[in-house]
>>> print(open('query_3.cif').read())   # mmCIF, C-alpha atoms
data_data
#
loop_
_atom_site.group_PDB
_atom_site.id
_atom_site.type_symbol
_atom_site.label_atom_id
_atom_site.label_comp_id
_atom_site.auth_asym_id
_atom_site.auth_seq_id
_atom_site.Cartn_x
_atom_site.Cartn_y
_atom_site.Cartn_z
ATOM 1 C CA MET A 200 66.895 70.931 -16.410
ATOM 2 C CA ALA A 201 66.759 74.086 -14.337
ATOM 3 C CA ARG A 202 67.313 73.953 -10.626
ATOM 4 C CA VAL A 203 65.419 76.018 -8.094
ATOM 5 C CA VAL A 204 66.655 76.069 -4.515
ATOM 6 C CA VAL A 205 64.421 76.685 -1.524
ATOM 7 C CA ASP A 206 66.224 77.521 1.717
ATOM 8 C CA VAL A 207 64.196 77.182 4.891
ATOM 9 C CA MET A 208 65.397 78.667 8.184
ATOM 10 C CA LEU A 209 63.839 78.924 11.623
ATOM 11 C CA LYS A 210 62.693 82.488 12.297
ATOM 12 C CA PRO A 211 65.316 84.491 14.216
ATOM 13 C CA GLU A 212 63.222 84.581 17.398
ATOM 14 C CA ILE A 213 62.778 80.784 17.513
ATOM 15 C CA LEU A 214 65.240 78.897 19.722
ATOM 16 C CA ASP A 215 67.387 76.469 17.684
ATOM 17 C CA PRO A 216 68.900 73.945 20.124
ATOM 18 C CA GLN A 217 70.346 71.862 17.261
ATOM 19 C CA GLY A 218 72.293 74.859 15.968
ATOM 20 C CA GLN A 219 73.449 75.602 19.523
ATOM 21 C CA ALA A 220 74.674 72.011 19.955
ATOM 22 C CA VAL A 221 76.710 72.328 16.749
ATOM 23 C CA GLN A 222 78.113 75.680 17.870
ATOM 24 C CA ARG A 223 79.124 74.281 21.270
ATOM 25 C CA ALA A 224 80.943 71.368 19.644
ATOM 26 C CA LEU A 225 83.131 73.617 17.463
ATOM 27 C CA PRO A 226 85.818 74.737 19.973
ATOM 28 C CA ARG A 227 86.339 71.126 21.061
ATOM 29 C CA LEU A 228 87.020 70.252 17.415
ATOM 30 C CA GLY A 229 89.496 73.098 17.046
ATOM 31 C CA PHE A 230 87.226 75.510 15.148
ATOM 32 C CA GLN A 231 87.453 78.867 16.902
ATOM 33 C CA GLY A 232 85.617 82.124 16.452
ATOM 34 C CA ILE A 233 82.103 80.962 15.510
ATOM 35 C CA ALA A 234 79.733 83.001 17.653
ATOM 36 C CA ASP A 235 76.474 81.405 16.571
ATOM 37 C CA VAL A 236 75.141 78.568 14.398
ATOM 38 C CA ARG A 237 71.625 78.168 13.100
ATOM 39 C CA GLN A 238 70.623 75.028 11.254
ATOM 40 C CA GLY A 239 68.189 75.036 8.338
ATOM 41 C CA LYS A 240 66.979 72.979 5.401
ATOM 42 C CA ARG A 241 67.840 73.247 1.706
ATOM 43 C CA PHE A 242 65.585 71.819 -1.004
ATOM 44 C CA GLU A 243 66.937 71.431 -4.562
ATOM 45 C CA LEU A 244 64.120 71.219 -7.070
ATOM 46 C CA GLU A 245 64.836 70.017 -10.619
ATOM 47 C CA VAL A 246 62.181 71.761 -12.657
ATOM 48 C CA GLU A 247 60.765 70.345 -15.867
ATOM 49 C CA GLY A 248 60.203 73.028 -18.518
ATOM 50 C CA PRO A 249 60.939 76.737 -18.249
ATOM 51 C CA VAL A 250 61.373 78.447 -14.888
ATOM 52 C CA ASP A 251 59.124 81.344 -15.746
ATOM 53 C CA GLU A 252 57.054 83.566 -13.526
ATOM 54 C CA ALA A 253 54.206 81.032 -13.355
ATOM 55 C CA ALA A 254 56.538 78.187 -12.370
ATOM 56 C CA LEU A 255 58.165 80.330 -9.688
ATOM 57 C CA ALA A 256 54.758 81.333 -8.357
ATOM 58 C CA ARG A 257 53.851 77.641 -7.970
ATOM 59 C CA ILE A 258 57.155 76.911 -6.236
ATOM 60 C CA HIS A 259 56.567 79.839 -3.917
ATOM 61 C CA GLU A 260 53.151 78.418 -3.081
ATOM 62 C CA MET A 261 54.704 74.974 -2.501
ATOM 63 C CA ALA A 262 57.295 76.454 -0.141
ATOM 64 C CA GLU A 263 54.697 78.455 1.751
ATOM 65 C CA THR A 264 52.196 75.608 2.223
ATOM 66 C CA PHE A 265 54.469 72.582 2.497
ATOM 67 C CA LEU A 266 58.264 72.938 2.518
ATOM 68 C CA ALA A 267 58.162 75.567 5.261
ATOM 69 C CA ASN A 268 55.829 76.051 8.191
ATOM 70 C CA THR A 269 55.573 79.834 8.178
ATOM 71 C CA VAL A 270 54.470 79.840 11.819
ATOM 72 C CA ILE A 271 58.090 79.069 12.751
ATOM 73 C CA GLU A 272 60.134 79.264 9.540
ATOM 74 C CA ASP A 273 61.140 81.728 6.801
ATOM 75 C CA PHE A 274 62.030 80.625 3.289
ATOM 76 C CA VAL A 275 63.898 81.975 0.256
ATOM 77 C CA VAL A 276 63.391 80.773 -3.347
ATOM 78 C CA LYS A 277 66.424 81.069 -5.674
ATOM 79 C CA VAL A 278 66.931 80.053 -9.298
ATOM 80 C CA GLU A 279 70.335 78.430 -9.684
ATOM 81 C CA GLU A 280 72.606 79.358 -12.617
ATOM 82 C CA PRO A 281 72.233 76.799 -15.465
ATOM 83 C CA ASP A 282 76.015 76.249 -15.996
ATOM 84 C CA HIS A 283 76.350 75.321 -12.330
ATOM 85 C CA ALA A 284 73.650 72.671 -12.669
ATOM 86 C CA ALA A 285 75.289 71.178 -15.786
ATOM 87 C CA ALA A 286 78.765 71.075 -14.222
ATOM 88 C CA GLY A 287 77.441 69.393 -11.147
ATOM 89 C CA GLU A 288 76.574 66.128 -12.878
ATOM 90 C CA PRO A 289 77.405 63.560 -11.654
ATOM 91 C CA LYS A 290 78.228 64.724 -8.160
ATOM 92 C CA MET B 195 23.605 52.543 20.633
ATOM 93 C CA THR B 196 26.928 54.045 21.485
ATOM 94 C CA ALA B 197 29.150 56.611 19.858
ATOM 95 C CA ARG B 198 31.556 55.725 17.045
ATOM 96 C CA ILE B 199 35.025 57.185 17.526
ATOM 97 C CA GLY B 200 37.484 56.929 14.653
ATOM 98 C CA VAL B 201 41.179 56.303 15.285
ATOM 99 C CA VAL B 202 43.451 57.189 12.365
ATOM 100 C CA THR B 203 46.424 55.077 11.318
ATOM 101 C CA PHE B 204 49.148 56.735 9.235
ATOM 102 C CA PRO B 205 52.294 54.888 8.153
ATOM 103 C CA GLY B 206 54.450 55.183 11.274
ATOM 104 C CA THR B 207 51.613 55.598 13.773
ATOM 105 C CA LEU B 208 52.409 53.732 17.009
ATOM 106 C CA ASP B 209 49.567 54.274 19.450
ATOM 107 C CA ASP B 210 46.497 53.515 17.343
ATOM 108 C CA ARG B 211 45.809 50.177 19.086
ATOM 109 C CA ASP B 212 46.163 51.660 22.578
ATOM 110 C CA THR B 213 43.865 54.505 21.552
ATOM 111 C CA GLN B 214 41.258 52.105 20.164
ATOM 112 C CA ARG B 215 41.443 50.221 23.446
ATOM 113 C CA ALA B 216 40.997 53.417 25.482
ATOM 114 C CA VAL B 217 37.921 54.250 23.400
ATOM 115 C CA ARG B 218 36.467 50.804 24.136
ATOM 116 C CA VAL B 219 37.348 50.962 27.847
ATOM 117 C CA ALA B 220 35.332 54.181 28.026
ATOM 118 C CA GLY B 221 32.375 52.375 26.450
ATOM 119 C CA ALA B 222 32.431 53.740 22.893
ATOM 120 C CA GLU B 223 32.956 51.895 19.628
ATOM 121 C CA ALA B 224 36.453 52.275 18.146
ATOM 122 C CA VAL B 225 36.519 52.557 14.347
ATOM 123 C CA PRO B 226 39.925 52.133 12.650
ATOM 124 C CA LEU B 227 40.485 54.743 9.913
ATOM 125 C CA TRP B 228 43.174 54.538 7.228
ATOM 126 C CA HIS B 229 45.076 57.635 6.106
ATOM 127 C CA ARG B 230 44.543 56.969 2.389
ATOM 128 C CA ASP B 231 40.755 56.734 2.614
ATOM 129 C CA LYS B 232 38.669 59.842 2.255
ATOM 130 C CA ASP B 233 35.679 58.290 4.017
ATOM 131 C CA LEU B 234 35.279 58.751 7.763
ATOM 132 C CA LYS B 235 32.882 55.762 8.024
ATOM 133 C CA GLN B 236 30.253 57.919 9.726
ATOM 134 C CA VAL B 237 32.201 58.334 12.945
ATOM 135 C CA ASP B 238 31.077 60.924 15.489
ATOM 136 C CA ALA B 239 34.595 61.992 16.464
ATOM 137 C CA VAL B 240 38.201 61.337 15.453
ATOM 138 C CA VAL B 241 41.402 60.745 17.418
ATOM 139 C CA LEU B 242 44.793 61.262 15.767
ATOM 140 C CA PRO B 243 47.118 59.051 17.817
ATOM 141 C CA GLY B 244 50.826 59.284 18.583
ATOM 142 C CA GLY B 245 53.788 57.901 16.699
ATOM 143 C CA PHE B 246 56.057 59.035 13.889
ATOM 144 C CA SER B 247 53.743 59.346 10.902
ATOM 145 C CA TYR B 248 55.665 59.385 7.608
ATOM 146 C CA GLY B 249 58.850 59.090 9.683
ATOM 147 C CA ASP B 250 58.453 62.728 10.785
ATOM 148 C CA TYR B 251 60.094 63.608 7.454
ATOM 149 C CA LEU B 252 60.179 67.322 6.640
ATOM 150 C CA ARG B 253 58.536 68.240 9.981
ATOM 151 C CA ALA B 254 56.550 66.117 12.435
ATOM 152 C CA GLY B 255 53.008 65.907 11.053
ATOM 153 C CA ALA B 256 53.782 67.888 7.897
ATOM 154 C CA ILE B 257 53.169 65.117 5.354
ATOM 155 C CA SER B 258 50.285 63.437 7.227
ATOM 156 C CA ARG B 259 48.474 66.736 7.128
ATOM 157 C CA PHE B 260 48.055 66.344 3.344
ATOM 158 C CA SER B 261 46.737 62.760 3.437
ATOM 159 C CA PRO B 262 43.318 62.171 1.823
ATOM 160 C CA LEU B 263 41.755 61.337 5.188
ATOM 161 C CA MET B 264 43.030 64.545 6.804
ATOM 162 C CA GLU B 265 41.390 66.624 4.077
ATOM 163 C CA THR B 266 38.045 65.208 5.250
ATOM 164 C CA VAL B 267 38.971 65.520 8.943
ATOM 165 C CA ILE B 268 39.888 69.203 8.496
ATOM 166 C CA GLU B 269 36.623 69.931 6.695
ATOM 167 C CA GLN B 270 34.535 68.116 9.341
ATOM 168 C CA ALA B 271 36.458 69.643 12.246
ATOM 169 C CA LYS B 272 35.677 73.099 10.889
ATOM 170 C CA GLY B 273 32.023 72.030 10.919
ATOM 171 C CA GLY B 274 32.235 71.081 14.602
ATOM 172 C CA MET B 275 33.209 67.400 14.642
ATOM 173 C CA PRO B 276 35.293 66.674 17.757
ATOM 174 C CA VAL B 277 38.952 65.872 17.025
ATOM 175 C CA LEU B 278 41.629 64.957 19.561
ATOM 176 C CA GLY B 279 45.318 64.951 18.592
ATOM 177 C CA ILE B 280 47.705 63.157 20.926
ATOM 178 C CA CYS B 281 51.468 63.728 20.566
ATOM 179 C CA ASN B 282 52.096 63.211 16.832
ATOM 180 C CA GLY B 283 48.366 63.892 16.398
ATOM 181 C CA PHE B 284 48.870 67.279 18.078
ATOM 182 C CA GLN B 285 51.741 67.955 15.683
ATOM 183 C CA VAL B 286 49.438 67.089 12.757
ATOM 184 C CA LEU B 287 46.780 69.479 14.095
ATOM 185 C CA THR B 288 49.242 72.386 14.318
ATOM 186 C CA GLU B 289 50.409 71.627 10.771
ATOM 187 C CA THR B 290 46.776 71.822 9.572
ATOM 188 C CA HIS B 291 46.464 75.163 11.417
ATOM 189 C CA LEU B 292 43.294 73.887 13.104
ATOM 190 C CA LEU B 293 45.343 74.681 16.213
ATOM 191 C CA PRO B 294 47.732 77.662 16.331
ATOM 192 C CA GLY B 295 51.479 77.476 16.958
ATOM 193 C CA ALA B 296 53.934 74.715 16.088
ATOM 194 C CA MET B 297 55.929 71.895 17.650
ATOM 195 C CA LEU B 298 59.730 71.844 17.629
ATOM 196 C CA ARG B 299 62.602 69.674 18.884
ATOM 197 C CA ASN B 300 62.800 69.490 22.714
ATOM 198 C CA ASN B 301 65.054 72.286 24.005
ATOM 199 C CA HIS B 302 67.487 69.745 25.528
ATOM 200 C CA LEU B 303 67.481 67.593 22.340
ATOM 201 C CA HIS B 304 66.772 64.353 24.231
ATOM 202 C CA PHE B 305 63.856 61.992 23.839
ATOM 203 C CA VAL B 306 61.673 62.196 26.958
ATOM 204 C CA CYS B 307 59.734 59.272 28.417
ATOM 205 C CA ARG B 308 58.244 59.818 31.856
ATOM 206 C CA ASP B 309 55.092 60.027 33.927
ATOM 207 C CA GLN B 310 54.122 63.660 33.659
ATOM 208 C CA LYS B 311 51.990 65.704 36.009
ATOM 209 C CA LEU B 312 49.581 68.053 34.257
ATOM 210 C CA ARG B 313 46.976 70.570 35.265
ATOM 211 C CA VAL B 314 43.735 70.437 33.286
ATOM 212 C CA GLU B 315 43.118 74.148 32.772
ATOM 213 C CA THR B 316 39.666 73.951 31.226
ATOM 214 C CA ASP B 317 36.692 71.602 31.392
ATOM 215 C CA ASN B 318 35.102 73.634 28.619
ATOM 216 C CA THR B 319 36.060 71.396 25.662
ATOM 217 C CA ALA B 320 34.497 68.309 24.105
ATOM 218 C CA TRP B 321 37.392 66.207 25.424
ATOM 219 C CA THR B 322 37.850 67.559 28.976
ATOM 220 C CA SER B 323 34.331 68.057 30.343
ATOM 221 C CA ASP B 324 34.653 65.086 32.729
ATOM 222 C CA TYR B 325 37.539 66.840 34.490
ATOM 223 C CA THR B 326 37.266 69.923 36.668
ATOM 224 C CA ALA B 327 39.285 72.998 35.786
ATOM 225 C CA GLY B 328 42.433 73.006 37.915
ATOM 226 C CA GLN B 329 42.435 69.227 38.358
ATOM 227 C CA GLU B 330 45.884 67.623 38.463
ATOM 228 C CA ILE B 331 46.445 64.397 36.552
ATOM 229 C CA SER B 332 49.425 62.193 35.773
ATOM 230 C CA VAL B 333 49.838 60.537 32.353
ATOM 231 C CA PRO B 334 52.815 59.259 30.332
ATOM 232 C CA LEU B 335 54.763 61.640 28.117
ATOM 233 C CA LYS B 336 57.107 60.459 25.343
ATOM 234 C CA ASN B 337 58.411 62.660 22.576
ATOM 235 C CA ILE B 338 61.373 64.399 21.017
ATOM 236 C CA ASP B 339 59.488 67.127 19.136
ATOM 237 C CA GLY B 340 57.399 68.332 22.057
ATOM 238 C CA ARG B 341 58.345 72.001 22.397
ATOM 239 C CA TYR B 342 55.240 74.081 21.820
ATOM 240 C CA VAL B 343 55.941 77.502 20.325
ATOM 241 C CA ALA B 344 53.784 80.365 19.135
ATOM 242 C CA ASP B 345 54.299 84.121 18.962
ATOM 243 C CA GLU B 346 53.520 86.244 22.029
ATOM 244 C CA ARG B 347 50.258 87.547 20.569
ATOM 245 C CA THR B 348 48.980 84.034 19.938
ATOM 246 C CA LEU B 349 50.016 82.914 23.425
ATOM 247 C CA ASP B 350 48.226 85.898 24.995
ATOM 248 C CA MET B 351 45.133 85.148 22.914
ATOM 249 C CA LEU B 352 45.138 81.477 23.988
ATOM 250 C CA GLU B 353 45.401 82.497 27.648
ATOM 251 C CA ALA B 354 42.735 85.191 27.374
ATOM 252 C CA GLU B 355 40.276 82.886 25.622
ATOM 253 C CA GLY B 356 40.856 80.011 28.051
ATOM 254 C CA ARG B 357 42.286 77.825 25.302
ATOM 255 C CA VAL B 358 45.378 76.621 27.157
ATOM 256 C CA ALA B 359 43.855 73.245 27.977
ATOM 257 C CA PHE B 360 46.769 71.576 29.828
ATOM 258 C CA ARG B 361 49.929 72.819 31.499
ATOM 259 C CA TYR B 362 53.005 70.902 32.647
ATOM 260 C CA LEU B 363 53.386 70.813 36.433
ATOM 261 C CA ASP B 364 56.559 70.488 38.540
ATOM 262 C CA LEU B 365 58.817 70.360 35.475
ATOM 263 C CA ASN B 366 58.671 71.621 31.912
ATOM 264 C CA PRO B 367 59.888 68.537 30.011
ATOM 265 C CA ASN B 368 60.628 70.079 26.618
ATOM 266 C CA GLY B 369 60.859 73.867 26.801
ATOM 267 C CA SER B 370 57.258 74.500 25.742
ATOM 268 C CA LEU B 371 56.408 78.171 26.041
ATOM 269 C CA ARG B 372 54.368 79.028 29.146
ATOM 270 C CA ASP B 373 54.480 75.342 30.166
ATOM 271 C CA ILE B 374 51.785 74.577 27.593
ATOM 272 C CA ALA B 375 51.079 70.850 27.201
ATOM 273 C CA GLY B 376 47.896 71.172 25.158
ATOM 274 C CA ILE B 377 45.463 73.656 23.631
ATOM 275 C CA SER B 378 42.028 73.800 22.035
ATOM 276 C CA ASN B 379 40.468 75.669 19.147
ATOM 277 C CA ALA B 380 38.012 78.503 19.826
ATOM 278 C CA ALA B 381 34.957 76.240 19.585
ATOM 279 C CA GLY B 382 36.461 73.609 21.926
ATOM 280 C CA ASN B 383 35.835 70.670 19.570
ATOM 281 C CA VAL B 384 39.491 70.379 18.500
ATOM 282 C CA VAL B 385 42.019 69.604 21.250
ATOM 283 C CA GLY B 386 45.689 68.670 20.996
ATOM 284 C CA LEU B 387 48.228 67.683 23.648
ATOM 285 C CA MET B 388 51.683 66.123 23.823
ATOM 286 C CA PRO B 389 51.155 63.683 26.760
ATOM 287 C CA HIS B 390 49.362 60.364 26.280
ATOM 288 C CA PRO B 391 46.030 59.924 28.103
ATOM 289 C CA GLU B 392 45.374 56.693 26.174
ATOM 290 C CA HIS B 393 48.242 55.025 28.066
ATOM 291 C CA ALA B 394 46.586 55.754 31.430
ATOM 292 C CA VAL B 395 43.131 54.199 31.262
ATOM 293 C CA GLU B 396 43.608 50.945 33.196
ATOM 294 C CA PRO B 397 45.259 50.433 36.613
ATOM 295 C CA LEU B 398 47.197 47.373 35.447
ATOM 296 C CA VAL B 399 49.478 49.220 33.007
ATOM 297 C CA GLY B 400 51.191 52.554 32.522
ATOM 298 C CA THR B 401 51.089 54.914 35.464
ATOM 299 C CA GLY B 402 48.919 52.499 37.447
ATOM 300 C CA ARG B 403 46.276 55.213 37.417
ATOM 301 C CA THR B 404 43.357 55.913 35.135
ATOM 302 C CA ASP B 405 43.813 59.682 34.893
ATOM 303 C CA GLY B 406 43.591 59.613 31.092
ATOM 304 C CA LEU B 407 40.244 57.903 30.896
ATOM 305 C CA GLY B 408 38.410 61.215 31.339
ATOM 306 C CA PHE B 409 39.239 62.251 27.762
ATOM 307 C CA PHE B 410 37.319 59.293 26.412
ATOM 308 C CA THR B 411 34.414 59.402 28.888
ATOM 309 C CA SER B 412 34.105 63.152 28.221
ATOM 310 C CA ILE B 413 33.689 62.721 24.490
ATOM 311 C CA LEU B 414 31.364 59.746 24.871
ATOM 312 C CA LYS B 415 29.041 61.673 27.185
ATOM 313 C CA ASN B 416 29.091 64.729 24.942
ATOM 314 C CA LEU B 417 28.287 62.686 21.840
ATOM 315 C CA LEU B 418 25.432 60.798 23.519
ATOM 316 C CA LYS B 419 24.069 64.044 24.955
ATOM 317 C CA GLY B 420 24.196 65.546 21.472
ATOM 318 C CA ALA B 421 22.412 62.528 19.987
ATOM 319 C CA HIS B 422 19.550 62.785 22.466
ATOM 320 C CA ALA B 423 19.235 66.559 22.329
#
>>> encode(input="query_3.cif", output="C-alpha cells")
Amino acid sequence: MARVVVDVMLKPEILDPQGQAVQRALPRLGFQGIADVRQGKRFELEVEGPVDEAALARIHEMAETFLANTVIEDFVVKVEEPDHAAAGEPK
Amino acid sequence: MTARIGVVTFPGTLDDRDTQRAVRVAGAEAVPLWHRDKDLKQVDAVVLPGGFSYGDYLRAGAISRFSPLMETVIEQAKGGMPVLGICNGFQVLTETHLLPGAMLRNNHLHFVCRDQKLRVETDNTAWTSDYTAGQEISVPLKNIDGRYVADERTLDMLEAEGRVAFRYLDLNPNGSLRDIAGISNAAGNVVGLMPHPEHAVEPLVGTGRTDGLGFFTSILKNLLKGAHA
C-alpha cells in the first residue's frame, strides 16, 4: 500500500508557544545550539489503490479542508517511496 | 408562545446543561439537539456550548464542524438564523468559517479559569442587544485554546465594521490579538466568544452576578419581536 504524508505547520507569522517551550527546555537537557523550534503535525495516509493524480488531488482537498486550517496553518503533501513503506513493517 | 432555542450536544460537550438552564432562566424553551441528527427540531436559534467536543482532536472544533447537525446549522446560519458559540462553540464557528480567524493554544500554555471582565463593544447583534455598547460585564472564563488570531487585514476589517463584539479588560488572559474575546459575522446573527455567559445567569452560583443573562434575554426579545413583526 502506498503511503502519502501530509505535514502541517503553523504559518511562520503565527506564535507557537509549544515550540518555544520545547526550545527553552533544550539547554537544560544539555542540547545546545538550537535557535528556534516550531512544532507541527504529521499525518501518514495509507492509500488503497494507485496514488495517481486524481488520488493526490483528493488528498490535497482533504488536507486543505480538514487536516489543516489554512487560516493559521500551511501544509505539504508528499508521496513516500514504496521501499521505505515496505521496510517499515512492523515498526 | 415563547421562542425555541436549540442547545447542541457533541461527544465531549460539557456546558450543554448549564446553557439549557440559562435559556430557561431567560424565559425561552431549551431544545436539546444531538450532533448526529440533521434535524434542528424547528428551533428559532442555536447555541453551541463549551467543552471539548471530540476531545479537541486534530484542532479544537475541527471534527465537530463536520457533524451532520453542523451542516444544517451552517446552512441555516447563512440564511440568518441566530447562532451563538461559547468557548468550544466559538472554536467550532471559526472552523466552519462562519466567523473569521482561528483559536490557538493560550500563549502561556496554561489552562485559565477565572472571573473575567469584558467590555461589550456592540449592542448591534442578535445576542447583545440587551447590553449597551461599552458596558462592562464579568463572566467566567475557562479554556486552554483561547488565543484568538487572524491576519492584520481581517482584524482591521472586524474593527472597521464594528464586529469585535467583546474585548478583555484589565488583563488579556490568553494572548488574543487586540484583546478580542468575541466577534460577530457581518449580519450580526452569528456571535462567538471564549468566556461563558451561561455560567453567570443566577446570583447563587458562579460570579454571584447575572451579567451573562443579557445574551439570552437579547435573543429571546429579538425572536419574539421577529415573530410579531
>>> resolve_selection(input="query_3.cif", expression="the PyMOL selection byres ((chain B) within 12 of (chain A))", output="ChimeraX atom specification")
/B:251-260,285-286,288-291,293-304,339,341-346,348,368-371
>>> atom_distance(input="query_3.cif", atom1="CA of Trp321 in chain B", atom2="CA of Asp209 in chain B")
18.1 Å
>>> atom_distance(input="query_3.cif", atom1="CA of Val221 in chain A", atom2="CA of Met208 in chain A")
15.5 Å
>>> atom_distance(input="query_3.cif", atom1="CA of Gln238 in chain A", atom2="CA of His259 in chain A")
21.2 Å
>>> residues_around(input="query_3.cif", residues="Met261 in chain A", least_positions_apart="6", cutoff="12 Å", atoms="all atoms listed in the file", output="ChimeraX atom specification")
/A:205,242,244,254-255,267-269,274-276
>>> write_last_selection(input="query_3.cif", atoms="C-alpha atoms", output="mmCIF file, keeping the file's coordinate frame")
data_model
loop_
_atom_site.group_PDB
_atom_site.id
_atom_site.type_symbol
_atom_site.label_atom_id
_atom_site.label_comp_id
_atom_site.auth_asym_id
_atom_site.auth_seq_id
_atom_site.Cartn_x
_atom_site.Cartn_y
_atom_site.Cartn_z
ATOM 1 C CA VAL A 205 64.421 76.685 -1.524
ATOM 2 C CA PHE A 242 65.585 71.819 -1.004
ATOM 3 C CA LEU A 244 64.120 71.219 -7.070
ATOM 4 C CA ALA A 254 56.538 78.187 -12.370
ATOM 5 C CA LEU A 255 58.165 80.330 -9.688
ATOM 6 C CA ALA A 267 58.162 75.567 5.261
ATOM 7 C CA ASN A 268 55.829 76.051 8.191
ATOM 8 C CA THR A 269 55.573 79.834 8.178
ATOM 9 C CA PHE A 274 62.030 80.625 3.289
ATOM 10 C CA VAL A 275 63.898 81.975 0.256
ATOM 11 C CA VAL A 276 63.391 80.773 -3.347
#
>>> resolve_selection(input="query_3.cif", expression="the PyMOL selection byres ((chain B and resi 274) around 9)", output="PDB file with C-alpha atoms, in the frame of the given file")
ATOM      1  CA  GLN B 270      34.535  68.116   9.341  1.00  0.00           C
ATOM      2  CA  ALA B 271      36.458  69.643  12.246  1.00  0.00           C
ATOM      3  CA  LYS B 272      35.677  73.099  10.889  1.00  0.00           C
ATOM      4  CA  GLY B 273      32.023  72.030  10.919  1.00  0.00           C
ATOM      5  CA  MET B 275      33.209  67.400  14.642  1.00  0.00           C
ATOM      6  CA  PRO B 276      35.293  66.674  17.757  1.00  0.00           C
ATOM      7  CA  VAL B 277      38.952  65.872  17.025  1.00  0.00           C
ATOM      8  CA  ALA B 381      34.957  76.240  19.585  1.00  0.00           C
ATOM      9  CA  GLY B 382      36.461  73.609  21.926  1.00  0.00           C
ATOM     10  CA  ASN B 383      35.835  70.670  19.570  1.00  0.00           C
ATOM     11  CA  VAL B 384      39.491  70.379  18.500  1.00  0.00           C
TER      12      VAL B 384
END
>>> resolve_selection(input="query_3.cif", expression="the PyMOL selection byres ((chain B and resi 412) around 8)", output="compact mmCIF listing (two decimals) with C-alpha atoms, keeping the file's coordinate frame")
# COMPACT_ATOMS: atom_id res chain seq x y z
CA ALA B 320 34.50 68.31 24.10
CA TRP B 321 37.39 66.21 25.42
CA THR B 322 37.85 67.56 28.98
CA SER B 323 34.33 68.06 30.34
CA ASP B 324 34.65 65.09 32.73
CA GLY B 408 38.41 61.22 31.34
CA PHE B 409 39.24 62.25 27.76
CA PHE B 410 37.32 59.29 26.41
CA THR B 411 34.41 59.40 28.89
CA ILE B 413 33.69 62.72 24.49
CA LEU B 414 31.36 59.75 24.87
CA LYS B 415 29.04 61.67 27.18
CA ASN B 416 29.09 64.73 24.94
>>> residues_around(input="query_3.cif", residues="Pro211 in chain A", least_positions_apart="5", cutoff="10 Å", atoms="all atoms listed in the file", output="ChimeraX atom specification")
/A:237,271-273
>>> closest_residue(input="query_3.cif", among="A:Gly218, A:Lys277, A:Pro226, A:Met200", to="Ala256 in chain A", atoms="all atoms listed in the file")
A:Lys277
>>> residues_near_point(input="query_3.cif", point="(45.2, 66.2, 32.1)", cutoff="7 Å", atoms="only C-alpha atoms", output="ChimeraX atom specification")
/B:312-314,330-332,360,406
>>> closest_residue(input="query_3.cif", among="B:Gly340, B:Gly279, B:Gly328, B:Pro391", to="Asn379 in chain B", atoms="only C-alpha atoms")
B:Gly279
>>> residues_around(input="query_3.cif", residues="Gly206 in chain B", least_positions_apart="4", cutoff="9 Å", atoms="only C-alpha atoms", output="list in words")
Gly245, Phe246, Ser247, Tyr248, Gly249 and Asp250 of chain B
>>> axis_aligned_box(input="query_3.cif", around="range 313-318 of chain B", padding_each_side="8 Å", output="JSON")
{"center_x": 41.0, "center_y": 72.3, "center_z": 31.9, "size_x": 27.9, "size_y": 19.7, "size_z": 22.6}
>>> residues_around(input="query_3.cif", residues="Gly283 in chain B", least_positions_apart="4", cutoff="8 Å", atoms="only C-alpha atoms", output="number ranges by chain")
B: 241-244, 255, 278-279, 287, 386
>>> build_atoms(input="query_3.cif", residues="range 210-218 of chain B", atoms="N, CA, C and O atoms", output="compact mmCIF listing (two decimals), in the coordinates of the input")
# COMPACT_ATOMS: atom_id res chain seq x y z
N ASP B 210 47.88 53.66 17.80
CA ASP B 210 46.50 53.52 17.34
C ASP B 210 45.77 52.41 18.11
O ASP B 210 44.60 52.57 18.47
N ARG B 211 46.47 51.28 18.39
CA ARG B 211 45.81 50.18 19.09
C ARG B 211 45.48 50.56 20.53
O ARG B 211 44.41 50.25 21.03
N ASP B 212 46.42 51.21 21.21
CA ASP B 212 46.16 51.66 22.58
C ASP B 212 44.99 52.65 22.60
O ASP B 212 44.18 52.65 23.52
N THR B 213 44.93 53.51 21.59
CA THR B 213 43.86 54.50 21.55
C THR B 213 42.52 53.84 21.31
O THR B 213 41.51 54.19 21.94
N GLN B 214 42.51 52.86 20.39
CA GLN B 214 41.26 52.10 20.16
C GLN B 214 40.80 51.44 21.45
O GLN B 214 39.62 51.42 21.78
N ARG B 215 41.76 50.89 22.19
CA ARG B 215 41.44 50.22 23.45
C ARG B 215 40.87 51.21 24.47
O ARG B 215 39.88 50.92 25.14
N ALA B 216 41.48 52.39 24.55
CA ALA B 216 41.00 53.42 25.48
C ALA B 216 39.56 53.82 25.15
O ALA B 216 38.73 54.00 26.04
N VAL B 217 39.28 53.91 23.85
CA VAL B 217 37.92 54.25 23.40
C VAL B 217 36.94 53.18 23.87
O VAL B 217 35.86 53.48 24.39
N ARG B 218 37.35 51.91 23.73
CA ARG B 218 36.47 50.80 24.14
C ARG B 218 36.32 50.74 25.66
O ARG B 218 35.23 50.48 26.16
